[in-house]
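This report refers to the structure that appears directly beneath it.
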Amino acid sequence: MTTVRRVLVGVSGGIASYKACSVVRRLKEAGADVDVVMTAAAAEFVRPVTFEALCGHSVTTSLWERGRALAHIDLGRKPNLIVVCPATANLLARAAQGIADDLLTAILLAREVPVLAAPAMNDNMFAQPVTSANIDTLRANGWTFVGPAVGSLAEGPSERPGRMVEPEEIVAEALRLLRAPHSSLSGKHVLVTAGPTREYLDPVRVITNPSSGRMGFALACAAYERGAQVTLVTGPTQLPTPYGVETVKVVTTCQLRDAIAERLTRADVILMAAAPSDYSAGEPAGDKLKREDGTITLRLEPTPDVLKSTAELRQETCIAVGFALETTGGVERARAKLESKQLDLIVLNSESDPKSGFETETNKVTLVTKSEAAELPLLSKQQVAENILDRVEKLL
């Protein structure tokens, strides 16, 4: 986060309490200042000292701690967001009725900030009409809910909702609640492409490249956090589907082009981080090519220029960002692409740094516009994504 935000994580007593540790850690990694309040029942599952080590602050568990008589008022006002995970059926019922018989429910009643809750309980408990009514009451009072999910519970497998969603989903929704109100991307349609494409030589062999898709996925996640409605069109990767992002999977360059064309007229921003194959086989073999056939001559043909093809379909107000990897004349060639493909920004990847580019967790890029070329230091791809989106927001 570009601005440090304070988050209060409230932990109530359920078997999913241990997952709150990951939520706290991930919020800290995202730059949030985190406090933790636990119910007495939660402390039976995870000891307060665990959360103290993770958040760096003392953990409060009782209304009656000496010197903390007004803790519920102070902790209800200080944070920018309260995250309750897990939110048990008991906690939701008490909060919906305005009961404040422990520190966490007192804070929730005295709060002046948004609340994000991640329900977790037995599937029968979640299915009860009274639980639905309590959630409706809290939602009407400004609460936001994420989950529950379907999956294994403490008592065994279940095919009904009840399981708390994973920490990654809770943190993604928390960051969106924190960041969207301050972002010009909030409510915008953002189209992102990621990963490689594959062009088949025969039924089992392909022309491709080593793109991992990490850069595009990082952009999609960062845009979602900023409040955008995000569509990710991705070639084959091993990355998990980002939470909250519409994900469209393609294989070939033509499929990538068509998927973009189908969605582009609705986009306010397009971020073309995919690495499509530049060539395809002129005549792919219908059967697997055999080694014993000896030397094979391939005729390769250029694939469609996906980036250039978007120029005709984009709205005039759509911000278009392309990516390039050049081995010579980087900035000059990037500026030529900027002009020929009618882009607002090109992200020029460094080919010389072994920690940058394909199959790495980091990237070293230069942000190239018509008037400037801003070289960034070696950063994580998440940090690069934030820098790109900062520039996009200025363009908006």
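Each chain in the structure tokens gets a letter, A, B, ..., in the order shown, and its residues are numbered from 1; ligands are numbered from 1 in order too.
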
Original post:
So which bits of stretch 212-378 of chain A end up strand (DSSP E) when you DSSP the backbone, as a PyMOL selection string?
Top reply: chain A and resi 229-234+246-249+269-272+279-281+300-302+319-325+345-349+362-363+365-368+373-375

**OP:** Mind checking which residues fall within 12 Å of A:Ala180, counting only C-alpha atoms, ignoring those fewer than 3 positions away in the same chain, and posting them as a PyMOL selection string?
**Re:** chain A and resi 1+172-177+183-188+222-229

Would you put the residues from that selection into a file with all heavy atoms, as a compact mmCIF listing (two decimals), in the first residue's frame?
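Result saved to result.txt:
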```txt
# COMPACT_ATOMS: atom_id res chain seq x y z
N MET A 1 0.84 -1.19 0.00
CA MET A 1 0.00 0.00 0.00
C MET A 1 0.88 1.24 0.00
O MET A 1 1.87 1.30 0.72
CB MET A 1 -0.91 -0.01 1.23
CG MET A 1 -2.02 -1.03 1.16
SD MET A 1 -3.06 -1.03 2.62
CE MET A 1 -1.97 -1.74 3.82
N ALA A 172 -7.07 -10.04 0.13
CA ALA A 172 -7.39 -9.34 -1.12
C ALA A 172 -8.61 -8.44 -0.94
O ALA A 172 -8.62 -7.29 -1.40
CB ALA A 172 -7.63 -10.35 -2.24
N GLU A 173 -9.62 -8.94 -0.26
CA GLU A 173 -10.83 -8.13 -0.04
C GLU A 173 -10.55 -7.00 0.94
O GLU A 173 -11.07 -5.88 0.78
CB GLU A 173 -11.96 -9.02 0.47
CG GLU A 173 -13.34 -8.39 0.38
CD GLU A 173 -13.75 -8.07 -1.05
OE1 GLU A 173 -13.44 -8.86 -1.96
OE2 GLU A 173 -14.37 -7.01 -1.26
N ALA A 174 -9.73 -7.26 1.95
CA ALA A 174 -9.37 -6.21 2.91
C ALA A 174 -8.62 -5.08 2.21
O ALA A 174 -8.91 -3.88 2.43
CB ALA A 174 -8.53 -6.79 4.04
N LEU A 175 -7.64 -5.42 1.38
CA LEU A 175 -6.87 -4.40 0.68
C LEU A 175 -7.76 -3.61 -0.28
O LEU A 175 -7.58 -2.40 -0.46
CB LEU A 175 -5.71 -5.04 -0.07
CG LEU A 175 -4.64 -5.68 0.82
CD1 LEU A 175 -3.55 -6.31 -0.04
CD2 LEU A 175 -4.03 -4.67 1.78
N ARG A 176 -8.72 -4.27 -0.90
CA ARG A 176 -9.65 -3.57 -1.80
C ARG A 176 -10.48 -2.55 -1.01
O ARG A 176 -10.68 -1.42 -1.47
CB ARG A 176 -10.54 -4.58 -2.49
CG ARG A 176 -11.50 -3.99 -3.55
CD ARG A 176 -12.24 -5.13 -4.22
NE ARG A 176 -13.31 -4.70 -5.10
CZ ARG A 176 -13.16 -4.47 -6.41
NH1 ARG A 176 -11.98 -4.59 -6.97
NH2 ARG A 176 -14.19 -4.10 -7.15
N LEU A 177 -10.95 -2.95 0.16
CA LEU A 177 -11.74 -2.02 0.98
C LEU A 177 -10.89 -0.83 1.43
O LEU A 177 -11.39 0.30 1.55
CB LEU A 177 -12.31 -2.75 2.20
CG LEU A 177 -13.45 -3.73 1.90
CD1 LEU A 177 -13.77 -4.56 3.14
CD2 LEU A 177 -14.70 -2.98 1.45
N SER A 183 -8.61 5.44 -5.02
CA SER A 183 -8.02 5.15 -6.33
C SER A 183 -8.94 5.59 -7.46
O SER A 183 -10.15 5.37 -7.42
CB SER A 183 -7.75 3.65 -6.46
OG SER A 183 -7.34 3.33 -7.77
N SER A 184 -8.35 6.19 -8.50
CA SER A 184 -9.13 6.56 -9.69
C SER A 184 -9.45 5.34 -10.55
O SER A 184 -10.21 5.44 -11.51
CB SER A 184 -8.37 7.60 -10.51
OG SER A 184 -7.10 7.13 -10.88
N LEU A 185 -8.88 4.18 -10.21
CA LEU A 185 -9.24 2.94 -10.91
C LEU A 185 -10.52 2.32 -10.36
O LEU A 185 -11.07 1.40 -10.97
CB LEU A 185 -8.10 1.92 -10.80
CG LEU A 185 -6.91 2.10 -11.74
CD1 LEU A 185 -5.82 1.10 -11.40
CD2 LEU A 185 -7.33 1.96 -13.19
N SER A 186 -10.99 2.80 -9.23
CA SER A 186 -12.19 2.22 -8.61
C SER A 186 -13.38 2.33 -9.55
O SER A 186 -13.71 3.41 -10.05
CB SER A 186 -12.49 2.93 -7.30
OG SER A 186 -13.61 2.34 -6.66
N GLY A 187 -14.00 1.19 -9.82
CA GLY A 187 -15.16 1.15 -10.71
C GLY A 187 -14.82 1.07 -12.19
O GLY A 187 -15.72 0.91 -13.02
N LYS A 188 -13.53 1.16 -12.53
CA LYS A 188 -13.13 1.09 -13.94
C LYS A 188 -13.01 -0.38 -14.38
O LYS A 188 -12.77 -1.27 -13.57
CB LYS A 188 -11.78 1.77 -14.15
CG LYS A 188 -11.74 3.24 -13.76
CD LYS A 188 -12.54 4.10 -14.69
CE LYS A 188 -12.35 5.58 -14.37
NZ LYS A 188 -13.21 6.44 -15.24
N ALA A 222 -3.27 -6.25 -8.31
CA ALA A 222 -3.13 -4.87 -7.85
C ALA A 222 -4.29 -4.00 -8.33
O ALA A 222 -4.76 -3.12 -7.60
CB ALA A 222 -1.80 -4.30 -8.33
N ALA A 223 -4.76 -4.23 -9.56
CA ALA A 223 -5.90 -3.47 -10.07
C ALA A 223 -7.17 -3.80 -9.29
O ALA A 223 -7.99 -2.92 -9.00
CB ALA A 223 -6.09 -3.75 -11.56
N TYR A 224 -7.34 -5.08 -8.93
CA TYR A 224 -8.50 -5.46 -8.11
C TYR A 224 -8.47 -4.77 -6.76
O TYR A 224 -9.49 -4.26 -6.29
CB TYR A 224 -8.55 -6.98 -7.93
CG TYR A 224 -9.71 -7.42 -7.07
CD1 TYR A 224 -10.99 -7.51 -7.60
CD2 TYR A 224 -9.54 -7.71 -5.71
CE1 TYR A 224 -12.07 -7.88 -6.81
CE2 TYR A 224 -10.61 -8.07 -4.92
CZ TYR A 224 -11.88 -8.16 -5.47
OH TYR A 224 -12.95 -8.51 -4.68
N GLU A 225 -7.28 -4.74 -6.14
CA GLU A 225 -7.16 -4.07 -4.85
C GLU A 225 -7.54 -2.59 -4.94
O GLU A 225 -8.05 -2.01 -3.98
CB GLU A 225 -5.73 -4.19 -4.32
CG GLU A 225 -5.36 -5.58 -3.86
CD GLU A 225 -3.89 -5.68 -3.48
OE1 GLU A 225 -3.23 -4.61 -3.39
OE2 GLU A 225 -3.40 -6.81 -3.28
N ARG A 226 -7.31 -1.99 -6.09
CA ARG A 226 -7.62 -0.57 -6.27
C ARG A 226 -9.08 -0.34 -6.65
O ARG A 226 -9.46 0.78 -6.99
CB ARG A 226 -6.69 0.04 -7.31
CG ARG A 226 -5.22 0.03 -6.88
CD ARG A 226 -4.33 0.75 -7.87
NE ARG A 226 -2.92 0.60 -7.51
CZ ARG A 226 -1.99 1.54 -7.70
NH1 ARG A 226 -2.33 2.70 -8.24
NH2 ARG A 226 -0.74 1.32 -7.35
N GLY A 227 -9.88 -1.39 -6.63
CA GLY A 227 -11.31 -1.23 -6.84
C GLY A 227 -11.79 -1.44 -8.25
O GLY A 227 -12.96 -1.21 -8.55
N ALA A 228 -10.91 -1.88 -9.15
CA ALA A 228 -11.30 -2.08 -10.54
C ALA A 228 -12.07 -3.38 -10.73
O ALA A 228 -11.94 -4.32 -9.94
CB ALA A 228 -10.06 -2.07 -11.44
N GLN A 229 -12.86 -3.41 -11.80
CA GLN A 229 -13.46 -4.66 -12.27
C GLN A 229 -12.47 -5.24 -13.27
O GLN A 229 -12.24 -4.66 -14.34
CB GLN A 229 -14.81 -4.41 -12.92
CG GLN A 229 -15.51 -5.66 -13.41
CD GLN A 229 -16.86 -5.36 -14.02
OE1 GLN A 229 -17.52 -4.39 -13.66
NE2 GLN A 229 -17.26 -6.18 -14.99
```

Hey, what's within 8 Å of A:Leu153 if we count only C-alpha atoms and toss same-chain stuff fewer than 3 positions away? As a JSON list (two decimals) with C-alpha atoms, in the first residue's frame, please?
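Output file out22.json follows:
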```
[["chain", "number", "residue", "atom", "x", "y", "z"],
["A", 122, "ASN", "CA", -20.52, -25.92, 10.85],
["A", 156, "GLY", "CA", -15.27, -33.98, 7.94],
["A", 157, "PRO", "CA", -16.04, -33.25, 4.27],
["A", 158, "SER", "CA", -19.03, -31.06, 3.39],
["A", 162, "GLY", "CA", -19.36, -23.17, 6.20],
["A", 163, "ARG", "CA", -15.58, -23.33, 5.78]]
```

Subject >> A:Gly14 surroundings by only C-alpha atoms, 9 Å radius, close-in-sequence under 6 positions cut, as a list of chain:residue names >> reply: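 The neighbour list is A:Ala41, A:Ala42, A:Phe45, A:Pro86, A:Ala87, A:Thr88, A:Ala120, A:Met121.
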
For the residues in that selection, give me N, CA, C and O atoms as a PDB file, in the first residue's frame.
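The resulting file, again_39.pdb, is reproduced below:
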```pdb
ATOM      1  N   ALA A  41     -12.472 -17.404  23.819  1.00  0.00           N
ATOM      2  CA  ALA A  41     -12.534 -18.700  23.134  1.00  0.00           C
ATOM      3  C   ALA A  41     -11.430 -18.828  22.097  1.00  0.00           C
ATOM      4  O   ALA A  41     -10.839 -19.902  21.925  1.00  0.00           O
ATOM      5  N   ALA A  42     -11.114 -17.729  21.395  1.00  0.00           N
ATOM      6  CA  ALA A  42     -10.048 -17.775  20.389  1.00  0.00           C
ATOM      7  C   ALA A  42      -8.711 -18.121  21.029  1.00  0.00           C
ATOM      8  O   ALA A  42      -7.888 -18.838  20.443  1.00  0.00           O
ATOM      9  N   PHE A  45      -7.601 -21.674  21.151  1.00  0.00           N
ATOM     10  CA  PHE A  45      -7.116 -22.292  19.917  1.00  0.00           C
ATOM     11  C   PHE A  45      -5.708 -21.813  19.555  1.00  0.00           C
ATOM     12  O   PHE A  45      -4.871 -22.608  19.128  1.00  0.00           O
ATOM     13  N   PRO A  86     -11.736 -15.937  12.340  1.00  0.00           N
ATOM     14  CA  PRO A  86     -13.040 -16.324  11.807  1.00  0.00           C
ATOM     15  C   PRO A  86     -14.160 -15.560  12.510  1.00  0.00           C
ATOM     16  O   PRO A  86     -14.010 -15.144  13.657  1.00  0.00           O
ATOM     17  N   ALA A  87     -15.271 -15.405  11.796  1.00  0.00           N
ATOM     18  CA  ALA A  87     -16.484 -14.846  12.391  1.00  0.00           C
ATOM     19  C   ALA A  87     -17.432 -16.012  12.651  1.00  0.00           C
ATOM     20  O   ALA A  87     -18.062 -16.534  11.737  1.00  0.00           O
ATOM     21  N   THR A  88     -17.479 -16.454  13.900  1.00  0.00           N
ATOM     22  CA  THR A  88     -18.296 -17.624  14.247  1.00  0.00           C
ATOM     23  C   THR A  88     -19.773 -17.255  14.294  1.00  0.00           C
ATOM     24  O   THR A  88     -20.145 -16.073  14.334  1.00  0.00           O
ATOM     25  N   ALA A 120     -17.150 -18.575   9.567  1.00  0.00           N
ATOM     26  CA  ALA A 120     -16.621 -19.939   9.648  1.00  0.00           C
ATOM     27  C   ALA A 120     -17.411 -20.682  10.711  1.00  0.00           C
ATOM     28  O   ALA A 120     -17.439 -20.268  11.872  1.00  0.00           O
ATOM     29  N   MET A 121     -18.047 -21.776  10.300  1.00  0.00           N
ATOM     30  CA  MET A 121     -18.873 -22.539  11.243  1.00  0.00           C
ATOM     31  C   MET A 121     -19.291 -23.849  10.606  1.00  0.00           C
ATOM     32  O   MET A 121     -19.053 -24.087   9.410  1.00  0.00           O
TER      33      MET A 121
END
```

**OP:** Taking the chain letters and numbering used in this document, name the residues of stretch 7-227 of chain A that DSSP puts in helix (DSSP H, G or I), as a PyMOL selection string.
**Re:** chain A and resi 15-29+42-44+48-55+71-77+89-96+103-110+123-127+129-140+167-182+214-225

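Minimum atom-to-atom distance to A:Gln382, evaluated using only C-alpha atoms, belongs to A:Ala30 out of A:Val347, A:Ala30, A:Ala117, A:Leu325.
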
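Each of A:Val192, A:Pro181, A:Asn349, A:Asp123 was compared to A:Ala154 using only C-alpha atoms, and A:Asp123 turns out to be the nearest.
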